[in-house]
Amino acid sequence: MLIAGFPAGAWGTNCYLVAPAAGEECVIIDPGHQAAQGVEEAVAKHRLKPVAVIVTHGHIDHVASVVPVCGAHDVPAWIHPSDRFMMSDPEKALGRSIGMPLMGELTVGEPDDVRELTDGAELKLAGLELTVAHAPGHTKGSVTFRMPEQADTPSVFFSGDLLFAGSIGRTDLPGGDHAEILESLARVVLPLDDSTVVLSGHGPQTSIGRERATNPFLREVAAGLGDGARRPAPRRGM
């Protein structure tokens, strides 16, 4: 298994290229702000052939490079229907909080081929199997992708902005809902095995076991407490 990741752009959004091995087909997860060059460098370094772009949610820091990356490789983009509008109107999704100057530097819109993700879908792309889980709370259309355990690697969980090392996604932007993100954590994250590797939308790699033991929000959800709903999460990304 090959997973090549790098933080991109003003928000340090993690973009991942995932393939069975070097020299094979790959999927690209969350090519955000200024990610296109990093994608091309990883493709060349590992001799990869992209077959799809898949995104965990529609915020501009996760989708800003979808159009150029899809166009360069003639591949479709997959996104949950509740977040699809953000590709063409990112400022509406952010309450215009990041300002017109930055928006003026970006080319927004949809690639030629957009396909919609659904809860529980099994994506079979590039020789990989990824299970989609709808996990609203950060946005209405937030999803996660989970890859099953294999002989040489534990299960891998691409959490987007649902779960970070030591924290969770912010819920103060349009479409965010703290009670909803706590429910998503309980339904999507808590059942995962402790050995599951977590690759999130921002910040370092972690594991479900580490987060179960140390993440204050996940501990409160596991305990059935509601105090986390009154404590704001650190704001990583958008």
# chains A, B, ... in the order shown; residues from 1 in each chain; ligands from 1
call {"tool": "closest_atom_pairs", "arguments": {"of": "segment 19-123 of chain A", "to": "segment 132-140 of chain A", "cutoff": "9 Å", "atoms": "only C-alpha atoms", "output": "CSV"}}
result
residue,atom,partner,partner_atom,distance
A:His57,CA,A:Thr139,CA,7.0
A:Gly58,CA,A:Thr139,CA,7.9
A:His59,CA,A:Thr139,CA,8.3
A:His80,CA,A:His134,CA,8.1
A:Ser82,CA,A:Lys140,CA,5.9
A:Asp83,CA,A:Lys140,CA,6.7
A:Ala93,CA,A:Thr139,CA,8.8
A:Leu117,CA,A:Val132,CA,7.4
A:Thr118,CA,A:Val132,CA,6.9
A:Asp119,CA,A:His134,CA,4.8
A:Gly120,CA,A:Val132,CA,5.1
A:Ala121,CA,A:Val132,CA,5.2
A:Glu122,CA,A:Val132,CA,6.4
A:Leu123,CA,A:Val132,CA,7.5
call {"tool": "write_last_selection", "arguments": {"atoms": "C-alpha atoms", "output": "PDB file, in the first residue's frame"}}
result
ATOM      1  CA  HIS A  57     -16.350  17.790   2.223  1.00  0.00           C
ATOM      2  CA  GLY A  58     -16.817  20.891   0.139  1.00  0.00           C
ATOM      3  CA  HIS A  59     -14.914  23.643   1.963  1.00  0.00           C
ATOM      4  CA  HIS A  80     -21.595  14.250  -1.183  1.00  0.00           C
ATOM      5  CA  SER A  82     -25.172  18.199   0.296  1.00  0.00           C
ATOM      6  CA  ASP A  83     -21.781  19.836  -0.256  1.00  0.00           C
ATOM      7  CA  ALA A  93     -20.482  27.949   2.503  1.00  0.00           C
ATOM      8  CA  LEU A 117     -21.212   9.928  -2.656  1.00  0.00           C
ATOM      9  CA  THR A 118     -23.768   8.151  -0.492  1.00  0.00           C
ATOM     10  CA  ASP A 119     -23.622   6.764   3.026  1.00  0.00           C
ATOM     11  CA  GLY A 120     -22.387   3.188   3.102  1.00  0.00           C
ATOM     12  CA  ALA A 121     -21.221   3.187  -0.512  1.00  0.00           C
ATOM     13  CA  GLU A 122     -18.319   0.885  -1.368  1.00  0.00           C
ATOM     14  CA  LEU A 123     -15.998   2.650  -3.796  1.00  0.00           C
TER      15      LEU A 123
END
call {"tool": "select_by_dssp", "arguments": {"residues": "segment 48-133 of chain A", "states": "strand (DSSP E or B)", "output": "tab-separated table (two decimals) with N, CA, C and O atoms, in the first residue's frame"}}
result
chain	number	residue	atom	x	y	z
A	49	LYS	N	-0.96	6.74	-11.75
A	49	LYS	CA	-1.98	7.13	-12.74
A	49	LYS	C	-3.27	7.42	-11.99
A	49	LYS	O	-3.98	6.50	-11.59
A	50	PRO	N	-3.62	8.69	-11.78
A	50	PRO	CA	-4.86	9.02	-11.09
A	50	PRO	C	-6.09	8.55	-11.87
A	50	PRO	O	-6.14	8.67	-13.09
A	51	VAL	N	-7.07	8.01	-11.14
A	51	VAL	CA	-8.33	7.57	-11.76
A	51	VAL	C	-9.54	8.30	-11.18
A	51	VAL	O	-10.62	8.24	-11.76
A	52	ALA	N	-9.36	8.99	-10.04
A	52	ALA	CA	-10.49	9.70	-9.43
A	52	ALA	C	-9.99	10.65	-8.36
A	52	ALA	O	-8.94	10.43	-7.75
A	53	VAL	N	-10.76	11.70	-8.15
A	53	VAL	CA	-10.60	12.59	-7.00
A	53	VAL	C	-11.80	12.37	-6.10
A	53	VAL	O	-12.94	12.37	-6.57
A	54	ILE	N	-11.57	12.17	-4.81
A	54	ILE	CA	-12.66	12.03	-3.85
A	54	ILE	C	-12.43	13.04	-2.73
A	54	ILE	O	-11.30	13.27	-2.31
A	77	ALA	N	-14.70	13.63	-10.20
A	77	ALA	CA	-14.63	13.99	-8.79
A	77	ALA	C	-15.87	13.46	-8.08
A	77	ALA	O	-16.98	13.54	-8.63
A	78	TRP	N	-15.67	12.95	-6.89
A	78	TRP	CA	-16.76	12.43	-6.07
A	78	TRP	C	-16.95	13.32	-4.84
A	78	TRP	O	-15.99	13.65	-4.16
A	79	ILE	N	-18.22	13.69	-4.55
A	79	ILE	CA	-18.53	14.55	-3.42
A	79	ILE	C	-19.95	14.24	-2.96
A	79	ILE	O	-20.80	13.81	-3.75
A	114	VAL	N	-18.80	15.03	-12.30
A	114	VAL	CA	-18.99	15.02	-10.85
A	114	VAL	C	-19.93	13.88	-10.50
A	114	VAL	O	-21.01	13.73	-11.08
A	115	ARG	N	-19.53	13.07	-9.53
A	115	ARG	CA	-20.34	11.94	-9.08
A	115	ARG	C	-20.60	12.08	-7.60
A	115	ARG	O	-19.78	12.63	-6.87
A	116	GLU	N	-21.75	11.58	-7.14
A	116	GLU	CA	-22.17	11.86	-5.78
A	116	GLU	C	-21.97	10.65	-4.86
A	116	GLU	O	-22.27	9.52	-5.23
A	122	GLU	N	-19.62	1.54	-1.27
A	122	GLU	CA	-18.32	0.88	-1.37
A	122	GLU	C	-17.68	1.32	-2.69
A	122	GLU	O	-18.12	0.91	-3.76
A	123	LEU	N	-16.69	2.18	-2.60
A	123	LEU	CA	-16.00	2.65	-3.80
A	123	LEU	C	-14.87	1.68	-4.13
A	123	LEU	O	-14.00	1.41	-3.30
A	124	LYS	N	-14.88	1.18	-5.35
A	124	LYS	CA	-13.80	0.32	-5.83
A	124	LYS	C	-13.09	1.05	-6.94
A	124	LYS	O	-13.54	1.10	-8.08
A	125	LEU	N	-11.98	1.68	-6.57
A	125	LEU	CA	-11.24	2.55	-7.47
A	125	LEU	C	-9.75	2.23	-7.36
A	125	LEU	O	-9.23	2.05	-6.25
A	128	LEU	N	-8.49	-0.35	-5.09
A	128	LEU	CA	-8.72	-0.11	-3.67
A	128	LEU	C	-10.20	-0.26	-3.35
A	128	LEU	O	-11.06	-0.11	-4.21
A	129	GLU	N	-10.49	-0.53	-2.08
A	129	GLU	CA	-11.86	-0.54	-1.58
A	129	GLU	C	-11.98	0.49	-0.47
A	129	GLU	O	-11.27	0.40	0.53
A	130	LEU	N	-12.87	1.44	-0.66
A	130	LEU	CA	-13.08	2.49	0.34
A	130	LEU	C	-14.56	2.54	0.70
A	130	LEU	O	-15.41	2.67	-0.18
A	131	THR	N	-14.83	2.45	1.99
A	131	THR	CA	-16.20	2.53	2.48
A	131	THR	C	-16.52	3.96	2.88
A	131	THR	O	-15.77	4.58	3.66
A	132	VAL	N	-17.60	4.49	2.35
A	132	VAL	CA	-18.02	5.87	2.62
A	132	VAL	C	-18.96	5.90	3.82
A	132	VAL	O	-19.89	5.09	3.91
A	133	ALA	N	-18.73	6.82	4.74
A	133	ALA	CA	-19.66	7.05	5.84
A	133	ALA	C	-20.03	8.53	5.86
A	133	ALA	O	-19.14	9.39	5.94
call {"tool": "closest_residue", "arguments": {"among": "A:Pro216, A:Pro81, A:Gly203, A:Gly209", "to": "Cys15 of chain A", "atoms": "only C-alpha atoms"}}
result
A:Gly203
call {"tool": "closest_residue", "arguments": {"among": "A:Val39, A:Met86, A:Ala19, A:Leu185", "to": "Thr144 of chain A", "atoms": "only C-alpha atoms"}}
result
A:Leu185
call {"tool": "residues_around", "arguments": {"residues": "Ile60 of chain A", "least_positions_apart": "3", "cutoff": "10 Å", "atoms": "only C-alpha atoms", "output": "PyMOL selection string"}}
result
chain A and resi 11+30-33+57+63-66+86-91+93-94+103+106+108+237-238
call {"tool": "write_last_selection", "arguments": {"atoms": "N, CA, C and O atoms", "output": "PDB file, in the first residue's frame"}}
result
ATOM      1  N   TRP A  11      -4.123  26.866   4.436  1.00  0.00           N
ATOM      2  CA  TRP A  11      -4.700  26.212   5.603  1.00  0.00           C
ATOM      3  C   TRP A  11      -4.011  24.902   5.950  1.00  0.00           C
ATOM      4  O   TRP A  11      -4.434  24.207   6.856  1.00  0.00           O
ATOM      5  N   ASP A  30      -8.936  15.016  -1.368  1.00  0.00           N
ATOM      6  CA  ASP A  30      -8.897  16.404  -0.903  1.00  0.00           C
ATOM      7  C   ASP A  30      -7.760  17.247  -1.487  1.00  0.00           C
ATOM      8  O   ASP A  30      -6.911  17.764  -0.754  1.00  0.00           O
ATOM      9  N   PRO A  31      -7.739  17.443  -2.808  1.00  0.00           N
ATOM     10  CA  PRO A  31      -6.772  18.378  -3.378  1.00  0.00           C
ATOM     11  C   PRO A  31      -7.254  19.817  -3.171  1.00  0.00           C
ATOM     12  O   PRO A  31      -8.056  20.336  -3.934  1.00  0.00           O
ATOM     13  N   GLY A  32      -6.770  20.440  -2.129  1.00  0.00           N
ATOM     14  CA  GLY A  32      -7.270  21.756  -1.741  1.00  0.00           C
ATOM     15  C   GLY A  32      -6.462  22.902  -2.291  1.00  0.00           C
ATOM     16  O   GLY A  32      -5.868  22.820  -3.365  1.00  0.00           O
ATOM     17  N   HIS A  33      -6.409  23.984  -1.529  1.00  0.00           N
ATOM     18  CA  HIS A  33      -5.774  25.220  -1.945  1.00  0.00           C
ATOM     19  C   HIS A  33      -4.297  24.983  -2.283  1.00  0.00           C
ATOM     20  O   HIS A  33      -3.532  24.466  -1.477  1.00  0.00           O
ATOM     21  N   HIS A  57     -15.290  16.784   2.112  1.00  0.00           N
ATOM     22  CA  HIS A  57     -16.350  17.790   2.223  1.00  0.00           C
ATOM     23  C   HIS A  57     -16.010  18.943   1.291  1.00  0.00           C
ATOM     24  O   HIS A  57     -14.933  18.963   0.677  1.00  0.00           O
ATOM     25  N   VAL A  63     -11.195  21.600  -1.662  1.00  0.00           N
ATOM     26  CA  VAL A  63     -11.607  21.369  -3.059  1.00  0.00           C
ATOM     27  C   VAL A  63     -11.041  22.379  -4.052  1.00  0.00           C
ATOM     28  O   VAL A  63     -11.322  22.288  -5.250  1.00  0.00           O
ATOM     29  N   ALA A  64     -10.231  23.320  -3.607  1.00  0.00           N
ATOM     30  CA  ALA A  64      -9.806  24.403  -4.498  1.00  0.00           C
ATOM     31  C   ALA A  64      -9.052  23.919  -5.732  1.00  0.00           C
ATOM     32  O   ALA A  64      -9.070  24.586  -6.763  1.00  0.00           O
ATOM     33  N   SER A  65      -8.377  22.775  -5.645  1.00  0.00           N
ATOM     34  CA  SER A  65      -7.621  22.267  -6.790  1.00  0.00           C
ATOM     35  C   SER A  65      -8.312  21.105  -7.500  1.00  0.00           C
ATOM     36  O   SER A  65      -7.704  20.451  -8.348  1.00  0.00           O
ATOM     37  N   VAL A  66      -9.572  20.852  -7.183  1.00  0.00           N
ATOM     38  CA  VAL A  66     -10.280  19.746  -7.834  1.00  0.00           C
ATOM     39  C   VAL A  66     -10.357  19.946  -9.344  1.00  0.00           C
ATOM     40  O   VAL A  66     -10.078  19.027 -10.126  1.00  0.00           O
ATOM     41  N   MET A  86     -20.809  23.880  -2.875  1.00  0.00           N
ATOM     42  CA  MET A  86     -19.633  24.617  -2.423  1.00  0.00           C
ATOM     43  C   MET A  86     -18.554  24.708  -3.500  1.00  0.00           C
ATOM     44  O   MET A  86     -17.722  25.618  -3.457  1.00  0.00           O
ATOM     45  N   MET A  87     -18.554  23.781  -4.436  1.00  0.00           N
ATOM     46  CA  MET A  87     -17.560  23.846  -5.502  1.00  0.00           C
ATOM     47  C   MET A  87     -17.718  25.128  -6.320  1.00  0.00           C
ATOM     48  O   MET A  87     -16.734  25.738  -6.731  1.00  0.00           O
ATOM     49  N   SER A  88     -18.954  25.531  -6.547  1.00  0.00           N
ATOM     50  CA  SER A  88     -19.218  26.706  -7.375  1.00  0.00           C
ATOM     51  C   SER A  88     -19.437  27.974  -6.572  1.00  0.00           C
ATOM     52  O   SER A  88     -19.304  29.075  -7.111  1.00  0.00           O
ATOM     53  N   ASP A  89     -19.790  27.838  -5.281  1.00  0.00           N
ATOM     54  CA  ASP A  89     -20.083  29.015  -4.461  1.00  0.00           C
ATOM     55  C   ASP A  89     -19.447  28.850  -3.080  1.00  0.00           C
ATOM     56  O   ASP A  89     -20.130  28.729  -2.066  1.00  0.00           O
ATOM     57  N   PRO A  90     -18.109  28.831  -3.007  1.00  0.00           N
ATOM     58  CA  PRO A  90     -17.447  28.568  -1.730  1.00  0.00           C
ATOM     59  C   PRO A  90     -17.696  29.625  -0.669  1.00  0.00           C
ATOM     60  O   PRO A  90     -17.725  29.317   0.518  1.00  0.00           O
ATOM     61  N   GLU A  91     -17.898  30.867  -1.073  1.00  0.00           N
ATOM     62  CA  GLU A  91     -18.086  31.920  -0.074  1.00  0.00           C
ATOM     63  C   GLU A  91     -19.420  31.757   0.661  1.00  0.00           C
ATOM     64  O   GLU A  91     -19.521  32.050   1.848  1.00  0.00           O
ATOM     65  N   ALA A  93     -20.703  28.996   1.513  1.00  0.00           N
ATOM     66  CA  ALA A  93     -20.482  27.949   2.503  1.00  0.00           C
ATOM     67  C   ALA A  93     -19.711  28.451   3.710  1.00  0.00           C
ATOM     68  O   ALA A  93     -19.766  27.847   4.782  1.00  0.00           O
ATOM     69  N   LEU A  94     -18.991  29.571   3.552  1.00  0.00           N
ATOM     70  CA  LEU A  94     -18.158  30.081   4.628  1.00  0.00           C
ATOM     71  C   LEU A  94     -18.711  31.347   5.255  1.00  0.00           C
ATOM     72  O   LEU A  94     -18.060  31.975   6.072  1.00  0.00           O
ATOM     73  N   MET A 103     -10.707  34.995  -2.549  1.00  0.00           N
ATOM     74  CA  MET A 103     -11.578  34.361  -3.533  1.00  0.00           C
ATOM     75  C   MET A 103     -11.199  34.788  -4.946  1.00  0.00           C
ATOM     76  O   MET A 103     -11.297  34.024  -5.895  1.00  0.00           O
ATOM     77  N   LEU A 106      -8.729  32.502  -6.817  1.00  0.00           N
ATOM     78  CA  LEU A 106      -9.061  31.102  -7.049  1.00  0.00           C
ATOM     79  C   LEU A 106     -10.034  30.955  -8.210  1.00  0.00           C
ATOM     80  O   LEU A 106     -10.892  31.808  -8.438  1.00  0.00           O
ATOM     81  N   VAL A 108     -13.053  28.828  -9.234  1.00  0.00           N
ATOM     82  CA  VAL A 108     -14.004  27.905  -8.636  1.00  0.00           C
ATOM     83  C   VAL A 108     -14.934  27.345  -9.704  1.00  0.00           C
ATOM     84  O   VAL A 108     -15.050  27.880 -10.807  1.00  0.00           O
ATOM     85  N   GLY A 237      -7.998  24.682   9.800  1.00  0.00           N
ATOM     86  CA  GLY A 237      -8.609  24.810   8.482  1.00  0.00           C
ATOM     87  C   GLY A 237      -9.847  25.661   8.548  1.00  0.00           C
ATOM     88  O   GLY A 237      -9.878  26.713   9.165  1.00  0.00           O
ATOM     89  N   MET A 238     -10.904  25.148   7.916  1.00  0.00           N
ATOM     90  CA  MET A 238     -12.176  25.881   7.873  1.00  0.00           C
ATOM     91  C   MET A 238     -13.262  25.068   8.531  1.00  0.00           C
ATOM     92  O   MET A 238     -13.231  23.874   8.545  1.00  0.00           O
TER      93      MET A 238
END
call {"tool": "closest_residue", "arguments": {"among": "A:Thr153, A:Ser167, A:Ser200, A:Ser159", "to": "Val188 of chain A", "atoms": "only C-alpha atoms"}}
result
A:Ser159
call {"tool": "closest_residue", "arguments": {"among": "A:Gly141, A:Pro7, A:Arg84, A:Ala21", "to": "Gln34 of chain A", "atoms": "only C-alpha atoms"}}
result
A:Pro7
call {"tool": "atom_distance", "arguments": {"atom1": "atom CA of Glu149 of chain A", "atom2": "atom CA of Leu2 of chain A"}}
result
13.8 Å
call {"tool": "atom_distance", "arguments": {"atom1": "atom CA of Ala126 of chain A", "atom2": "atom CA of Phe164 of chain A"}}
result
26.5 Å
call {"tool": "residues_around", "arguments": {"residues": "Asp152 of chain A", "least_positions_apart": "2", "cutoff": "12 Å", "atoms": "only C-alpha atoms", "output": "PyMOL selection string"}}
result
chain A and resi 1-2+20-21+148-150+154-156
call {"tool": "closest_residue", "arguments": {"among": "A:Val69, A:Ala4, A:Val18, A:Val189", "to": "Gly127 of chain A", "atoms": "only C-alpha atoms"}}
result
A:Val18
call {"tool": "decode", "arguments": {"residues": "segment 193-228 of chain A", "atoms": "N, CA and C atoms", "output": "compact mmCIF listing (two decimals), in the first residue's frame"}}
result
# COMPACT_ATOMS: atom_id res chain seq x y z
N ASP A 193 -11.79 -0.07 15.23
CA ASP A 193 -10.80 -0.75 16.04
C ASP A 193 -9.70 0.23 16.46
N ASP A 194 -9.14 0.01 17.65
CA ASP A 194 -8.11 0.91 18.16
C ASP A 194 -6.89 0.99 17.25
N SER A 195 -6.60 -0.07 16.50
CA SER A 195 -5.42 -0.08 15.64
C SER A 195 -5.60 0.73 14.37
N THR A 196 -6.81 1.19 14.09
CA THR A 196 -7.08 1.94 12.87
C THR A 196 -6.25 3.22 12.80
N VAL A 197 -5.56 3.40 11.70
CA VAL A 197 -4.76 4.61 11.47
C VAL A 197 -5.69 5.73 11.01
N VAL A 198 -5.57 6.90 11.62
CA VAL A 198 -6.39 8.05 11.27
C VAL A 198 -5.54 9.06 10.50
N LEU A 199 -5.95 9.35 9.27
CA LEU A 199 -5.33 10.38 8.45
C LEU A 199 -6.38 11.47 8.25
N SER A 200 -6.17 12.59 8.90
CA SER A 200 -7.21 13.62 8.95
C SER A 200 -6.94 14.74 7.96
N GLY A 201 -7.87 15.68 7.90
CA GLY A 201 -7.78 16.77 6.96
C GLY A 201 -6.73 17.80 7.32
N HIS A 202 -6.33 17.84 8.59
CA HIS A 202 -5.31 18.78 9.05
C HIS A 202 -4.54 18.12 10.19
N GLY A 203 -3.27 18.42 10.27
CA GLY A 203 -2.49 17.92 11.39
C GLY A 203 -1.90 16.54 11.17
N PRO A 204 -1.28 15.98 12.23
CA PRO A 204 -0.53 14.73 12.09
C PRO A 204 -1.40 13.49 12.10
N GLN A 205 -0.77 12.41 11.71
CA GLN A 205 -1.40 11.08 11.79
C GLN A 205 -1.64 10.70 13.24
N THR A 206 -2.71 9.94 13.48
CA THR A 206 -2.98 9.43 14.81
C THR A 206 -3.62 8.06 14.67
N SER A 207 -4.21 7.56 15.74
CA SER A 207 -4.91 6.28 15.70
C SER A 207 -6.20 6.38 16.50
N ILE A 208 -7.11 5.48 16.23
CA ILE A 208 -8.37 5.48 17.00
C ILE A 208 -8.09 5.21 18.47
N GLY A 209 -7.17 4.29 18.76
CA GLY A 209 -6.86 3.99 20.16
C GLY A 209 -6.32 5.20 20.89
N ARG A 210 -5.42 5.94 20.27
CA ARG A 210 -4.86 7.14 20.90
C ARG A 210 -5.94 8.19 21.12
N GLU A 211 -6.81 8.38 20.13
CA GLU A 211 -7.87 9.38 20.28
C GLU A 211 -8.91 8.94 21.31
N ARG A 212 -9.19 7.66 21.35
CA ARG A 212 -10.16 7.16 22.33
C ARG A 212 -9.65 7.44 23.76
N ALA A 213 -8.32 7.37 23.92
CA ALA A 213 -7.74 7.55 25.25
C ALA A 213 -7.49 9.01 25.61
N THR A 214 -7.24 9.87 24.60
CA THR A 214 -6.76 11.22 24.92
C THR A 214 -7.60 12.36 24.37
N ASN A 215 -8.39 12.12 23.33
CA ASN A 215 -9.15 13.21 22.72
C ASN A 215 -10.34 13.55 23.61
N PRO A 216 -10.41 14.78 24.16
CA PRO A 216 -11.47 15.09 25.13
C PRO A 216 -12.87 14.97 24.56
N PHE A 217 -13.04 15.28 23.28
CA PHE A 217 -14.36 15.21 22.67
C PHE A 217 -14.79 13.76 22.48
N LEU A 218 -13.88 12.93 22.02
CA LEU A 218 -14.21 11.52 21.80
C LEU A 218 -14.43 10.81 23.13
N ARG A 219 -13.68 11.18 24.15
CA ARG A 219 -13.88 10.58 25.47
C ARG A 219 -15.25 10.93 26.02
N GLU A 220 -15.69 12.17 25.82
CA GLU A 220 -16.99 12.57 26.32
C GLU A 220 -18.11 11.88 25.56
N VAL A 221 -17.94 11.72 24.25
CA VAL A 221 -18.93 11.00 23.47
C VAL A 221 -19.01 9.55 23.94
N ALA A 222 -17.87 8.93 24.15
CA ALA A 222 -17.84 7.53 24.60
C ALA A 222 -18.49 7.36 25.96
N ALA A 223 -18.35 8.39 26.79
CA ALA A 223 -18.94 8.33 28.13
C ALA A 223 -20.40 8.74 28.15
N GLY A 224 -20.90 9.19 27.01
CA GLY A 224 -22.29 9.62 26.94
C GLY A 224 -22.54 10.96 27.58
N LEU A 225 -21.48 11.79 27.67
CA LEU A 225 -21.62 13.11 28.28
C LEU A 225 -21.78 14.17 27.22
N GLY A 226 -22.33 15.31 27.61
CA GLY A 226 -22.56 16.39 26.65
C GLY A 226 -21.70 17.61 26.84
N ASP A 227 -20.71 17.55 27.76
CA ASP A 227 -19.93 18.75 28.04
C ASP A 227 -19.19 19.25 26.82
N GLY A 228 -18.80 18.33 25.92
CA GLY A 228 -18.07 18.75 24.73
C GLY A 228 -18.85 19.71 23.87
